[in-house]
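Everything on this sheet refers to the single structure shown next.
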2 protein chains.
Amino acid sequence: MTAAELIRKKREGEALSPDEIHFLISGYVQGTIPEYQMSAFLMAAFFRGMNAEETVAFTHEMLHSGEVVDLSSIPGMKVDKHSTGGVGDKISLPLAPVVAACGVPVPMISGRGLGHTGGTLDKLESIPGFNTALSISEYKKVIAETGVVMIGQTKEIAPADKKMYALRDVTATVECVPLIAGSIMSKKLAEGIDALVLDIKTGRGAFMQEYDRAAGLAQTLVGIGTKFGKETIGFITDMSEPLGYAIGNWNEVMESVDCLRGKEVPDIMELTCTLGGAMVMLGKKASSLQEGIERCKEAVKSGAAYEKFLQMVKRQGGDIGFIEHPERYPVSKFSRTVTAQESGFVTAIDSLALGLTSVQLGAGRMKVDDTIDPKAGILLAKKTGDAVEQGEPLATFFTDKKGIFDSAAERIAAAFTIGNVPPKRTPLILSQVDKNGVKKWEG
Amino acid sequence: MTAAELIRKKREGEALSPDEIHFLISGYVQGTIPEYQMSAFLMAAFFRGMNAEETVAFTHEMLHSGEVVDLSSIPGMKVDKHSTGGVGDKISLPLAPVVAACGVPVPMISGRGLGHTGGTLDKLESIPGFNTALSISEYKKVIAETGVVMIGQTKEIAPADKKMYALRDVTATVECVPLIAGSIMSKKLAEGIDALVLDIKTGRGAFMQEYDRAAGLAQTLVGIGTKFGKETIGFITDMSEPLGYAIGNWNEVMESVDCLRGKEVPDIMELTCTLGGAMVMLGKKASSLQEGIERCKEAVKSGAAYEKFLQMVKRQGGDIGFIEHPERYPVSKFSRTVTAQESGFVTAIDSLALGLTSVQLGAGRMKVDDTIDPKAGILLAKKTGDAVEQGEPLATFFTDKKGIFDSAAERIAAAFTIGNVPPKRTPLILSQVDKNGVKKWEG
């Protein structure tokens, strides 16, 4: 068996055996198979795909390239959520404490933002003092103590994925469902979870804009989870407009805090309680999804979820003074409010454009080594369906960069489409996916 | 412009501009674009192809990565031939002196054998003393003095191709028409030629077994030659059975010598005089292909071609004593004659199987650093269409390796198909290709 033979096999559209996948990935991790053979293989896989067996074998190799955390000493079913990412997608922040407050431990290893989508780690780190760089043993200690922990990927977790993702990024081989699925699932399976809930985004601001591609990814992810013995439920959700009103790291923390304190931001609460309901059900603290959803709502209402959030922030070194007194937080040098040029109804908000503008303001990264301004971002004043009068605010943006001021205002104004009739209401949650397939979400 | 963007562009099926091709190839040669990006690009090009403009730009970059030899000080049109390679394809050996004897200078830079096909350099080097490693200045001197020179690729000629071919070889990206075409033509255009004749093989023993793929390659090659201002004529020829009776380096030299001395081996002479006729015509020493063919036949008949061959061998350091007294040449330790198991007619001879067996006997390489036994090989006793009696010899093979003796005999016997009725005679030369397209060869 040689790497060139296996590249040729994939190139010709044949499936590789688990042994062959092992040969390739372990050889790549050990350095006996060079980058240039792996990148040719990845491009062949981009064109030819991988079947379910290959994808599971691929995930297995990535997973076992590092440590698989053992949380079996912690009582109960440990359940995490993964989102494929979107604009304003701060759902992990309210979700993890809500689910933990329902008695289901949530061990969460998250990533940083790149491109137009934000990352949970960057949001957490906008809280002064919050430490996401825990060791595996600290991670285990925190989850045992508080029932929730949120950290970044450590060097022990799926090192093959880290090496391979860096290669995919520079060889135009990122957008390939089995590779994406293997990358996501190897990291999640390494966390020590017993079950998993997935939020697969579709629409303008999502990584996979077309519904069918998102559904294909969802089924692949659920298939892998199931194959590894972890019950996995996915939701395909709409990312046409930003989630909630806040975009930007500290903005999103504060919006999450507001929700945990009882503020009714409809899309955030719907998504948090639906994903959370599924997690509570998988964690055996509810006998149905509907019961799980109710338990989540109660955890918010009772204040237990907010208490859990504060406990987690404190336990990971964060200064809750800024959470309780946000007026102490530093303020951006510049801000401007963008107003409507005409009266009517907001019929669409281009989340991709707002995500990219937010990066331009300093809230995100186009390259992995860009630095982030936690204060920068956008606060929407209107959402899709809202009536608006000419001259009324559409959004306010915050930045320390002066030069980009006018262009950002223009881009934000252009992201709002205003029409004469109210748009048809479209659902936020489109479908539910489990091992039996995809079914339309009935709410 | 980044390499990743260009890889993505090709991956999505878009054509790259000449500037973009220049950025990629020059960056790769200079080392600013790493192997792993180039291999991903090559695999994307395998799936998406390259159009005529891209292929010309690619060839241009490969060609100008090194020295383009200037032979303008030598009078007359310099014409070379390239064959895509086959089993028993020793045609360059009689062809170059035949054409040179007709007054057309032949500057030829050849390659070594790899896999089931032999290489002209290995054949020449089986002549004791023959030096194929001339410098560019010696190369120019020899062609000026003798009208013919046959050397190996020097480090000055298309170094980008050498680097890229090594990468393609280990990343399963060899079999891609525009890449093959760019590789062939960049080396040929660097030789200092004014015109070129191509022999594109098809059938069982060829690199491109299917006629349509061979025709596609032929048209691409002719298109590139034409674009670079060099009149180019291609012939698509059959490689179902080996050419002539001899396979193996010294065997093939001696068969070539026999032909130059007037022995009538039909397929070798037909191909030599047809390719040669086209070269003589392109070299302006005949006003039609038919006249060129007649001039080649005369050059053999008069002994001028054989004299030219001896002159070339001597000039490049070869010992013509072995040519004139082949009984002095070393003999293989072992030989065996394979006989027919039944009577009938030879209906097919599997050239691929014989090529691979010949490598096993020591006559070729499976890896570039394998060493070659110049004596090893196979001499056929029968060709397709011949009648054969049970027990009559089909072929004799020669080797210094004892262990493979029985398996080689079996493989050779199995390569002959014997039937009850004589097979339909199929033409050796199938089509002629020029800038106006492909037309059936009428002989």
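Going through the structure tokens in order, the chains are called A, B, and so on, while each chain numbers its residues from 1 and the ligands are numbered from 1 in the order shown.
The neighbours of A:Lys383 here are the residues that come within 8 Å of it, using only C-alpha atoms and leaving out any residue fewer than 2 positions away in the same chain; they are Glu241, Tyr245, Val346, Ile349, Leu380, Ala381, Gly385 and Asp386 of chain A.
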(request) Taking only C-alpha atoms into account, report as a ChimeraX atom specification which residues of chain A lie within 12 Å of chain B. (result) /A:2-13,33-48,164,166-176
Suppose we keep C-alpha atoms; can you now write the selection as a PDB file, in the first residue's frame?
ATOM      1  CA  THR A   2       1.405   3.411  -0.966  1.00  0.00           C
ATOM      2  CA  ALA A   3      -0.093   6.860  -0.537  1.00  0.00           C
ATOM      3  CA  ALA A   4       0.031   7.404  -4.319  1.00  0.00           C
ATOM      4  CA  GLU A   5      -2.048   4.251  -4.873  1.00  0.00           C
ATOM      5  CA  LEU A   6      -4.657   5.419  -2.365  1.00  0.00           C
ATOM      6  CA  ILE A   7      -4.815   8.885  -3.917  1.00  0.00           C
ATOM      7  CA  ARG A   8      -5.333   7.243  -7.312  1.00  0.00           C
ATOM      8  CA  LYS A   9      -8.046   4.986  -5.887  1.00  0.00           C
ATOM      9  CA  LYS A  10      -9.970   7.948  -4.491  1.00  0.00           C
ATOM     10  CA  ARG A  11      -9.347   9.886  -7.714  1.00  0.00           C
ATOM     11  CA  GLU A  12     -11.003   7.039  -9.638  1.00  0.00           C
ATOM     12  CA  GLY A  13     -14.032   7.219  -7.334  1.00  0.00           C
ATOM     13  CA  ILE A  33       3.025  10.855   4.384  1.00  0.00           C
ATOM     14  CA  PRO A  34       3.912  14.368   3.259  1.00  0.00           C
ATOM     15  CA  GLU A  35       1.570  17.361   3.016  1.00  0.00           C
ATOM     16  CA  TYR A  36       1.668  17.261  -0.801  1.00  0.00           C
ATOM     17  CA  GLN A  37       0.207  13.758  -0.908  1.00  0.00           C
ATOM     18  CA  MET A  38      -2.435  14.590   1.684  1.00  0.00           C
ATOM     19  CA  SER A  39      -3.513  17.733  -0.208  1.00  0.00           C
ATOM     20  CA  ALA A  40      -3.835  15.760  -3.469  1.00  0.00           C
ATOM     21  CA  PHE A  41      -5.926  13.182  -1.589  1.00  0.00           C
ATOM     22  CA  LEU A  42      -8.110  15.904  -0.068  1.00  0.00           C
ATOM     23  CA  MET A  43      -8.755  17.433  -3.500  1.00  0.00           C
ATOM     24  CA  ALA A  44      -9.627  13.994  -4.909  1.00  0.00           C
ATOM     25  CA  ALA A  45     -12.001  13.532  -1.932  1.00  0.00           C
ATOM     26  CA  PHE A  46     -13.515  16.946  -2.687  1.00  0.00           C
ATOM     27  CA  PHE A  47     -14.457  15.713  -6.173  1.00  0.00           C
ATOM     28  CA  ARG A  48     -15.288  12.097  -5.355  1.00  0.00           C
ATOM     29  CA  MET A 164      -5.375  18.791   8.435  1.00  0.00           C
ATOM     30  CA  ALA A 166      -4.528  24.143   8.341  1.00  0.00           C
ATOM     31  CA  LEU A 167      -3.713  22.250   5.130  1.00  0.00           C
ATOM     32  CA  ARG A 168      -7.304  22.338   3.842  1.00  0.00           C
ATOM     33  CA  ASP A 169      -7.444  26.076   4.471  1.00  0.00           C
ATOM     34  CA  VAL A 170      -4.572  26.794   2.042  1.00  0.00           C
ATOM     35  CA  THR A 171      -5.439  24.171  -0.579  1.00  0.00           C
ATOM     36  CA  ALA A 172      -9.113  25.057  -1.237  1.00  0.00           C
ATOM     37  CA  THR A 173     -10.340  21.761   0.202  1.00  0.00           C
ATOM     38  CA  VAL A 174     -12.438  23.065   3.094  1.00  0.00           C
ATOM     39  CA  GLU A 175     -15.881  22.807   1.475  1.00  0.00           C
ATOM     40  CA  CYS A 176     -16.243  19.037   1.424  1.00  0.00           C
TER      41      CYS A 176
END
Near A:Asp319, counting only C-alpha atoms, which residues have an atom at most 7 Å away, once you skip same-chain residues fewer than 4 positions from it, shown as a compact mmCIF listing (two decimals) with C-alpha atoms, in the first residue's frame?
# COMPACT_ATOMS: atom_id res chain seq x y z
CA ILE A 127 -15.56 39.05 29.54
CA PRO A 128 -12.48 40.41 31.37
CA GLY A 129 -10.56 37.59 33.03
CA LYS A 314 -16.66 33.21 38.05
Identify, on the basis of only C-alpha atoms, every residue whose closest approach to stretch 63-71 of chain B does not exceed 6 Å; exclude the query and any residue fewer than 6 positions from it along the same chain; express the result as a compact mmCIF listing (two decimals) with all heavy atoms, in the first residue's frame.
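Ended up saving to selection.txt:
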# COMPACT_ATOMS: atom_id res chain seq x y z
N GLU B 156 19.40 22.12 -17.61
CA GLU B 156 19.01 23.44 -18.15
C GLU B 156 17.64 23.42 -18.82
O GLU B 156 17.00 24.45 -18.99
CB GLU B 156 20.03 23.91 -19.21
CG GLU B 156 21.42 24.22 -18.67
CD GLU B 156 22.33 23.00 -18.70
OE1 GLU B 156 21.85 21.90 -19.05
OE2 GLU B 156 23.52 23.14 -18.40
N ILE B 157 17.22 22.22 -19.27
CA ILE B 157 15.99 22.12 -20.07
C ILE B 157 14.78 21.97 -19.15
O ILE B 157 14.67 21.01 -18.39
CB ILE B 157 16.07 20.89 -21.03
CG1 ILE B 157 17.23 21.04 -22.01
CG2 ILE B 157 14.75 20.66 -21.74
CD1 ILE B 157 17.04 22.11 -23.06
N ALA B 158 13.86 22.91 -19.22
CA ALA B 158 12.56 22.86 -18.52
C ALA B 158 12.65 22.29 -17.10
O ALA B 158 12.02 21.28 -16.80
CB ALA B 158 11.55 22.06 -19.35
N PRO B 159 13.44 22.93 -16.21
CA PRO B 159 13.55 22.39 -14.85
C PRO B 159 12.19 22.33 -14.12
O PRO B 159 11.98 21.47 -13.27
CB PRO B 159 14.51 23.35 -14.16
CG PRO B 159 14.50 24.59 -14.99
CD PRO B 159 14.25 24.14 -16.40
N ALA B 160 11.27 23.22 -14.48
CA ALA B 160 9.93 23.19 -13.86
C ALA B 160 9.26 21.86 -14.15
O ALA B 160 8.57 21.29 -13.29
CB ALA B 160 9.06 24.33 -14.39
N SER B 186 7.03 21.29 -23.66
CA SER B 186 8.02 22.23 -23.12
C SER B 186 9.43 21.69 -23.35
O SER B 186 10.34 22.45 -23.68
CB SER B 186 7.77 22.49 -21.64
OG SER B 186 7.89 21.31 -20.88
N ALA B 190 12.17 23.27 -26.20
CA ALA B 190 13.44 23.78 -25.66
C ALA B 190 14.65 23.27 -26.45
O ALA B 190 15.75 23.79 -26.29
CB ALA B 190 13.57 23.39 -24.19
N GLU B 191 14.44 22.25 -27.28
CA GLU B 191 15.56 21.61 -28.00
C GLU B 191 16.17 22.48 -29.09
O GLU B 191 17.26 22.18 -29.58
CB GLU B 191 15.06 20.34 -28.72
CG GLU B 191 14.73 19.19 -27.86
CD GLU B 191 14.18 18.03 -28.70
OE1 GLU B 191 13.74 18.25 -29.84
OE2 GLU B 191 14.21 16.90 -28.21
N GLY B 192 15.40 23.48 -29.54
CA GLY B 192 15.86 24.31 -30.66
C GLY B 192 15.29 23.87 -32.00
O GLY B 192 15.82 24.21 -33.05
(message) At a cut-off of 9 Å, using only C-alpha atoms, what residues contact A:Val300? Leave out same-chain residues fewer than 5 positions from it and give the result as a VMD selection string.
(response) chain A and resid 98 101 259 to 262 295 305 to 306
Take the residues just selected and output them with N, CA, C and O atoms as a PDB file, in the first residue's frame.
ATOM      1  N   VAL A  98     -28.405  27.197  30.678  1.00  0.00           N
ATOM      2  CA  VAL A  98     -29.807  26.751  30.764  1.00  0.00           C
ATOM      3  C   VAL A  98     -29.852  25.228  30.953  1.00  0.00           C
ATOM      4  O   VAL A  98     -30.543  24.705  31.839  1.00  0.00           O
ATOM      5  N   ALA A 101     -28.457  24.113  34.229  1.00  0.00           N
ATOM      6  CA  ALA A 101     -29.414  24.418  35.307  1.00  0.00           C
ATOM      7  C   ALA A 101     -30.524  23.370  35.377  1.00  0.00           C
ATOM      8  O   ALA A 101     -31.140  23.183  36.430  1.00  0.00           O
ATOM      9  N   CYS A 259     -31.139  37.944  27.892  1.00  0.00           N
ATOM     10  CA  CYS A 259     -32.076  36.828  27.691  1.00  0.00           C
ATOM     11  C   CYS A 259     -32.144  35.955  28.942  1.00  0.00           C
ATOM     12  O   CYS A 259     -33.222  35.505  29.349  1.00  0.00           O
ATOM     13  N   LEU A 260     -30.959  35.699  29.536  1.00  0.00           N
ATOM     14  CA  LEU A 260     -30.942  34.865  30.738  1.00  0.00           C
ATOM     15  C   LEU A 260     -31.656  35.564  31.902  1.00  0.00           C
ATOM     16  O   LEU A 260     -32.173  34.912  32.805  1.00  0.00           O
ATOM     17  N   ARG A 261     -31.683  36.883  31.828  1.00  0.00           N
ATOM     18  CA  ARG A 261     -32.395  37.654  32.870  1.00  0.00           C
ATOM     19  C   ARG A 261     -33.882  37.784  32.544  1.00  0.00           C
ATOM     20  O   ARG A 261     -34.606  38.473  33.253  1.00  0.00           O
ATOM     21  N   GLY A 262     -34.309  37.200  31.425  1.00  0.00           N
ATOM     22  CA  GLY A 262     -35.747  37.164  31.159  1.00  0.00           C
ATOM     23  C   GLY A 262     -36.217  37.997  29.988  1.00  0.00           C
ATOM     24  O   GLY A 262     -37.403  38.010  29.663  1.00  0.00           O
ATOM     25  N   ARG A 295     -38.817  22.658  30.497  1.00  0.00           N
ATOM     26  CA  ARG A 295     -37.829  22.732  31.591  1.00  0.00           C
ATOM     27  C   ARG A 295     -36.836  23.867  31.353  1.00  0.00           C
ATOM     28  O   ARG A 295     -36.430  24.555  32.287  1.00  0.00           O
ATOM     29  N   ALA A 305     -30.860  29.586  35.470  1.00  0.00           N
ATOM     30  CA  ALA A 305     -29.931  29.575  34.342  1.00  0.00           C
ATOM     31  C   ALA A 305     -28.955  30.744  34.445  1.00  0.00           C
ATOM     32  O   ALA A 305     -27.747  30.597  34.214  1.00  0.00           O
ATOM     33  N   TYR A 306     -29.459  31.926  34.810  1.00  0.00           N
ATOM     34  CA  TYR A 306     -28.579  33.094  34.975  1.00  0.00           C
ATOM     35  C   TYR A 306     -27.587  32.853  36.101  1.00  0.00           C
ATOM     36  O   TYR A 306     -26.392  33.165  35.965  1.00  0.00           O
TER      37      TYR A 306
END
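Distances from A:Ile236, A:Gly152, A:Cys273, A:Thr132 to A:Glu294 were compared using only C-alpha atoms, and the smallest one belongs to A:Cys273.
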(request) Could you give me, as a ChimeraX atom specification, each residue of stretch 124-313 of chain A that DSSP assigns to alpha helix (DSSP H) when run on this structure's backbone? (result) /A:124-125,136-146,159-170,177-189,211-227,249-260,266-282,289-301,304-313
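Minimum atom-to-atom distance to A:Val388, evaluated using only C-alpha atoms, belongs to A:Ala340 out of A:Ile268, A:Leu352, A:Leu428, A:Ala340.
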(request) Pull the strand (DSSP E or B) assignments for stretch 36-268 of chain A out of DSSP run on the backbone, and list those residues as number ranges by chain. (result) A: 79-83, 106-110, 114, 117, 148-152, 195-202, 231-238, 246-247
Write out the residues from the selection above, keeping N, CA, C and O atoms, as a tab-separated table (two decimals), in the first residue's frame.
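Produced file out_15.tsv, reproduced below:
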chain	number	residue	atom	x	y	z
A	79	VAL	N	-23.98	16.16	27.73
A	79	VAL	CA	-24.52	16.49	26.40
A	79	VAL	C	-23.99	17.85	25.96
A	79	VAL	O	-23.97	18.80	26.74
A	80	ASP	N	-23.55	17.92	24.70
A	80	ASP	CA	-23.06	19.19	24.16
A	80	ASP	C	-23.87	19.55	22.91
A	80	ASP	O	-24.65	18.75	22.40
A	81	LYS	N	-23.65	20.78	22.45
A	81	LYS	CA	-24.26	21.25	21.21
A	81	LYS	C	-23.16	21.75	20.29
A	81	LYS	O	-22.15	22.30	20.75
A	82	HIS	N	-23.33	21.56	18.99
A	82	HIS	CA	-22.43	22.18	18.04
A	82	HIS	C	-23.26	22.92	17.00
A	82	HIS	O	-24.24	22.39	16.50
A	83	SER	N	-22.83	24.13	16.67
A	83	SER	CA	-23.47	24.90	15.60
A	83	SER	C	-22.47	25.07	14.46
A	83	SER	O	-21.26	25.25	14.71
A	106	VAL	N	-22.86	20.00	30.78
A	106	VAL	CA	-22.53	20.44	29.42
A	106	VAL	C	-21.02	20.69	29.31
A	106	VAL	O	-20.54	21.73	29.77
A	107	PRO	N	-20.29	19.76	28.72
A	107	PRO	CA	-18.86	19.97	28.49
A	107	PRO	C	-18.69	20.51	27.07
A	107	PRO	O	-19.01	19.83	26.11
A	108	MET	N	-18.23	21.73	26.93
A	108	MET	CA	-18.21	22.35	25.61
A	108	MET	C	-16.82	22.85	25.23
A	108	MET	O	-16.23	23.66	25.92
A	109	ILE	N	-16.33	22.30	24.11
A	109	ILE	CA	-15.06	22.80	23.55
A	109	ILE	C	-15.42	23.54	22.26
A	109	ILE	O	-16.00	22.96	21.35
A	110	SER	N	-15.11	24.82	22.22
A	110	SER	CA	-15.55	25.67	21.10
A	110	SER	C	-14.36	26.19	20.31
A	110	SER	O	-13.20	26.04	20.70
A	114	LEU	N	-13.96	32.96	12.38
A	114	LEU	CA	-13.13	33.16	11.20
A	114	LEU	C	-14.07	33.53	10.06
A	114	LEU	O	-15.11	32.90	9.89
A	117	THR	N	-18.47	34.65	10.33
A	117	THR	CA	-19.13	34.11	11.51
A	117	THR	C	-18.25	34.28	12.75
A	117	THR	O	-17.03	34.21	12.68
A	148	VAL	N	-20.98	22.74	34.07
A	148	VAL	CA	-20.81	23.36	32.75
A	148	VAL	C	-19.38	23.88	32.64
A	148	VAL	O	-18.82	24.37	33.63
A	149	VAL	N	-18.81	23.74	31.45
A	149	VAL	CA	-17.46	24.26	31.22
A	149	VAL	C	-17.37	24.62	29.74
A	149	VAL	O	-17.92	23.92	28.89
A	150	MET	N	-16.70	25.73	29.45
A	150	MET	CA	-16.58	26.17	28.07
A	150	MET	C	-15.13	26.56	27.80
A	150	MET	O	-14.67	27.58	28.32
A	151	ILE	N	-14.44	25.74	27.00
A	151	ILE	CA	-13.03	26.02	26.75
A	151	ILE	C	-12.73	25.95	25.24
A	151	ILE	O	-13.61	25.64	24.43
A	152	GLY	N	-11.49	26.25	24.91
A	152	GLY	CA	-11.03	26.16	23.52
A	152	GLY	C	-10.37	24.81	23.26
A	152	GLY	O	-10.09	24.06	24.20
A	195	ALA	N	-24.06	12.31	24.42
A	195	ALA	CA	-25.03	12.61	23.36
A	195	ALA	C	-24.75	14.02	22.86
A	195	ALA	O	-24.02	14.78	23.50
A	196	LEU	N	-25.32	14.34	21.69
A	196	LEU	CA	-24.97	15.59	21.02
A	196	LEU	C	-26.17	16.16	20.29
A	196	LEU	O	-26.96	15.43	19.68
A	197	VAL	N	-26.31	17.48	20.36
A	197	VAL	CA	-27.32	18.20	19.58
A	197	VAL	C	-26.59	19.10	18.59
A	197	VAL	O	-25.59	19.74	18.94
A	198	LEU	N	-27.08	19.11	17.34
A	198	LEU	CA	-26.42	19.88	16.29
A	198	LEU	C	-27.35	20.96	15.76
A	198	LEU	O	-28.55	20.72	15.59
A	199	ASP	N	-26.78	22.11	15.50
A	199	ASP	CA	-27.53	23.21	14.89
A	199	ASP	C	-26.86	23.47	13.54
A	199	ASP	O	-25.77	24.06	13.49
A	200	ILE	N	-27.48	23.01	12.46
A	200	ILE	CA	-26.90	23.17	11.12
A	200	ILE	C	-27.60	24.33	10.44
A	200	ILE	O	-28.79	24.30	10.16
A	201	LYS	N	-26.80	25.36	10.17
A	201	LYS	CA	-27.35	26.61	9.65
A	201	LYS	C	-27.49	26.54	8.14
A	201	LYS	O	-26.64	25.95	7.44
A	202	THR	N	-28.53	27.19	7.63
A	202	THR	CA	-28.69	27.34	6.19
A	202	THR	C	-29.15	28.76	5.91
A	202	THR	O	-29.58	29.47	6.82
A	231	GLU	N	-26.14	9.22	20.96
A	231	GLU	CA	-27.39	9.66	20.36
A	231	GLU	C	-27.23	11.12	19.90
A	231	GLU	O	-26.74	11.97	20.66
A	232	THR	N	-27.62	11.36	18.67
A	232	THR	CA	-27.36	12.67	18.07
A	232	THR	C	-28.63	13.17	17.39
A	232	THR	O	-29.25	12.44	16.62
A	233	ILE	N	-29.02	14.40	17.72
A	233	ILE	CA	-30.18	15.03	17.09
A	233	ILE	C	-29.72	16.34	16.46
A	233	ILE	O	-28.98	17.10	17.08
A	234	GLY	N	-30.13	16.55	15.22
A	234	GLY	CA	-29.75	17.79	14.54
A	234	GLY	C	-30.97	18.63	14.23
A	234	GLY	O	-32.08	18.11	14.06
A	235	PHE	N	-30.77	19.95	14.18
A	235	PHE	CA	-31.82	20.87	13.73
A	235	PHE	C	-31.23	21.70	12.59
A	235	PHE	O	-30.10	22.19	12.70
A	236	ILE	N	-32.00	21.80	11.50
A	236	ILE	CA	-31.58	22.69	10.42
A	236	ILE	C	-32.30	24.01	10.64
A	236	ILE	O	-33.54	24.03	10.71
A	237	THR	N	-31.53	25.07	10.81
A	237	THR	CA	-32.15	26.35	11.20
A	237	THR	C	-31.73	27.47	10.26
A	237	THR	O	-30.67	27.40	9.64
A	238	ASP	N	-32.58	28.46	10.19
A	238	ASP	CA	-32.42	29.53	9.21
A	238	ASP	C	-31.41	30.59	9.65
A	238	ASP	O	-31.48	31.07	10.79
A	246	ALA	N	-27.86	41.60	18.42
A	246	ALA	CA	-26.46	41.98	18.66
A	246	ALA	C	-25.50	41.17	17.79
A	246	ALA	O	-25.63	39.95	17.67
A	247	ILE	N	-24.53	41.88	17.20
A	247	ILE	CA	-23.41	41.26	16.49
A	247	ILE	C	-22.14	41.87	17.05
A	247	ILE	O	-22.07	43.09	17.22
(request) Would you kindly return, as a PyMOL selection string, each protein, DNA or RNA residue with an atom no farther than 9 Å from any atom of B:Gly437, considering only C-alpha atoms and excluding same-chain residues fewer than 4 positions away? (result) chain B and resi 219+432-433
Output of the above residues as a PDB file, in the first residue's frame, restricted to N, CA, C and O atoms:
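Okay, result.pdb is ready:
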ATOM      1  N   GLN B 219      -4.295  16.084 -30.636  1.00  0.00           N
ATOM      2  CA  GLN B 219      -4.764  17.410 -31.041  1.00  0.00           C
ATOM      3  C   GLN B 219      -4.238  18.498 -30.113  1.00  0.00           C
ATOM      4  O   GLN B 219      -3.882  19.587 -30.557  1.00  0.00           O
ATOM      5  N   GLN B 432      -3.730  10.712 -39.150  1.00  0.00           N
ATOM      6  CA  GLN B 432      -2.754  11.804 -39.209  1.00  0.00           C
ATOM      7  C   GLN B 432      -3.431  13.036 -38.614  1.00  0.00           C
ATOM      8  O   GLN B 432      -4.615  13.275 -38.862  1.00  0.00           O
ATOM      9  N   VAL B 433      -2.684  13.791 -37.811  1.00  0.00           N
ATOM     10  CA  VAL B 433      -3.258  14.949 -37.128  1.00  0.00           C
ATOM     11  C   VAL B 433      -2.408  16.169 -37.458  1.00  0.00           C
ATOM     12  O   VAL B 433      -1.183  16.129 -37.294  1.00  0.00           O
TER      13      VAL B 433
END
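Residues in contact with A:Glu291 at 12 Å, where only C-alpha atoms are counted and same-chain residues fewer than 4 positions away are skipped, are listed as Cys102, Cys273, Thr274, Gly276, Gly277, Ala278, Met279, Val280, Met281, Leu282, Lys284, Lys285, Ala286, Ser287, Arg295, Cys296, Lys297 and Glu298 of chain A.
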Expected file: the selected residues, N, CA and C atoms, as a compact mmCIF listing (two decimals), in the first residue's frame:
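Here's the written file out32.txt:
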# COMPACT_ATOMS: atom_id res chain seq x y z
N CYS A 102 -30.75 22.68 34.25
CA CYS A 102 -31.74 21.58 34.24
C CYS A 102 -31.14 20.27 34.72
N CYS A 273 -34.21 27.34 23.67
CA CYS A 273 -35.06 26.38 24.37
C CYS A 273 -35.31 25.12 23.53
N THR A 274 -35.26 25.22 22.20
CA THR A 274 -35.45 24.02 21.39
C THR A 274 -34.20 23.14 21.44
N GLY A 276 -31.88 23.36 23.65
CA GLY A 276 -31.75 22.98 25.06
C GLY A 276 -32.70 21.86 25.42
N GLY A 277 -33.95 21.94 24.91
CA GLY A 277 -34.92 20.89 25.19
C GLY A 277 -34.44 19.54 24.71
N ALA A 278 -33.83 19.53 23.53
CA ALA A 278 -33.30 18.28 23.00
C ALA A 278 -32.15 17.77 23.87
N MET A 279 -31.32 18.69 24.33
CA MET A 279 -30.19 18.29 25.18
C MET A 279 -30.69 17.74 26.52
N VAL A 280 -31.71 18.38 27.09
CA VAL A 280 -32.25 17.92 28.37
C VAL A 280 -32.89 16.54 28.19
N MET A 281 -33.58 16.35 27.05
CA MET A 281 -34.16 15.03 26.77
C MET A 281 -33.06 13.97 26.63
N LEU A 282 -32.04 14.29 25.82
CA LEU A 282 -30.93 13.32 25.64
C LEU A 282 -30.20 13.08 26.95
N LYS A 284 -31.61 12.78 29.70
CA LYS A 284 -32.55 11.99 30.53
C LYS A 284 -33.14 12.80 31.67
N LYS A 285 -33.22 14.11 31.51
CA LYS A 285 -33.87 14.94 32.51
C LYS A 285 -35.25 15.40 32.01
N ALA A 286 -35.67 14.84 30.89
CA ALA A 286 -37.03 15.07 30.39
C ALA A 286 -37.37 13.86 29.54
N SER A 287 -38.65 13.50 29.51
CA SER A 287 -39.01 12.28 28.77
C SER A 287 -39.42 12.59 27.34
N ARG A 295 -38.82 22.66 30.50
CA ARG A 295 -37.83 22.73 31.59
C ARG A 295 -36.84 23.87 31.35
N CYS A 296 -36.44 24.05 30.10
CA CYS A 296 -35.51 25.14 29.77
C CYS A 296 -36.14 26.50 30.05
N LYS A 297 -37.39 26.63 29.63
CA LYS A 297 -38.09 27.91 29.85
C LYS A 297 -38.17 28.22 31.34
N GLU A 298 -38.47 27.16 32.12
CA GLU A 298 -38.56 27.35 33.58
C GLU A 298 -37.20 27.76 34.17
(request) Report the distance between atom CA of A:Glu442 and atom CA of A:Gln290 in Å, rounded to one decimal place. (result) 11.5 Å
(request) Choose the residue, out of A:Gly118, A:Gly86, A:Gly203, A:Gly443, that has the smallest atom-to-atom separation from A:Gly362; count only C-alpha atoms. (result) A:Gly118
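Restricting the calculation to only C-alpha atoms, the smallest distance between A:Tyr165 and any of A:Ser183, A:Ser343, A:Ser17, A:Ser332 is found for A:Ser183.
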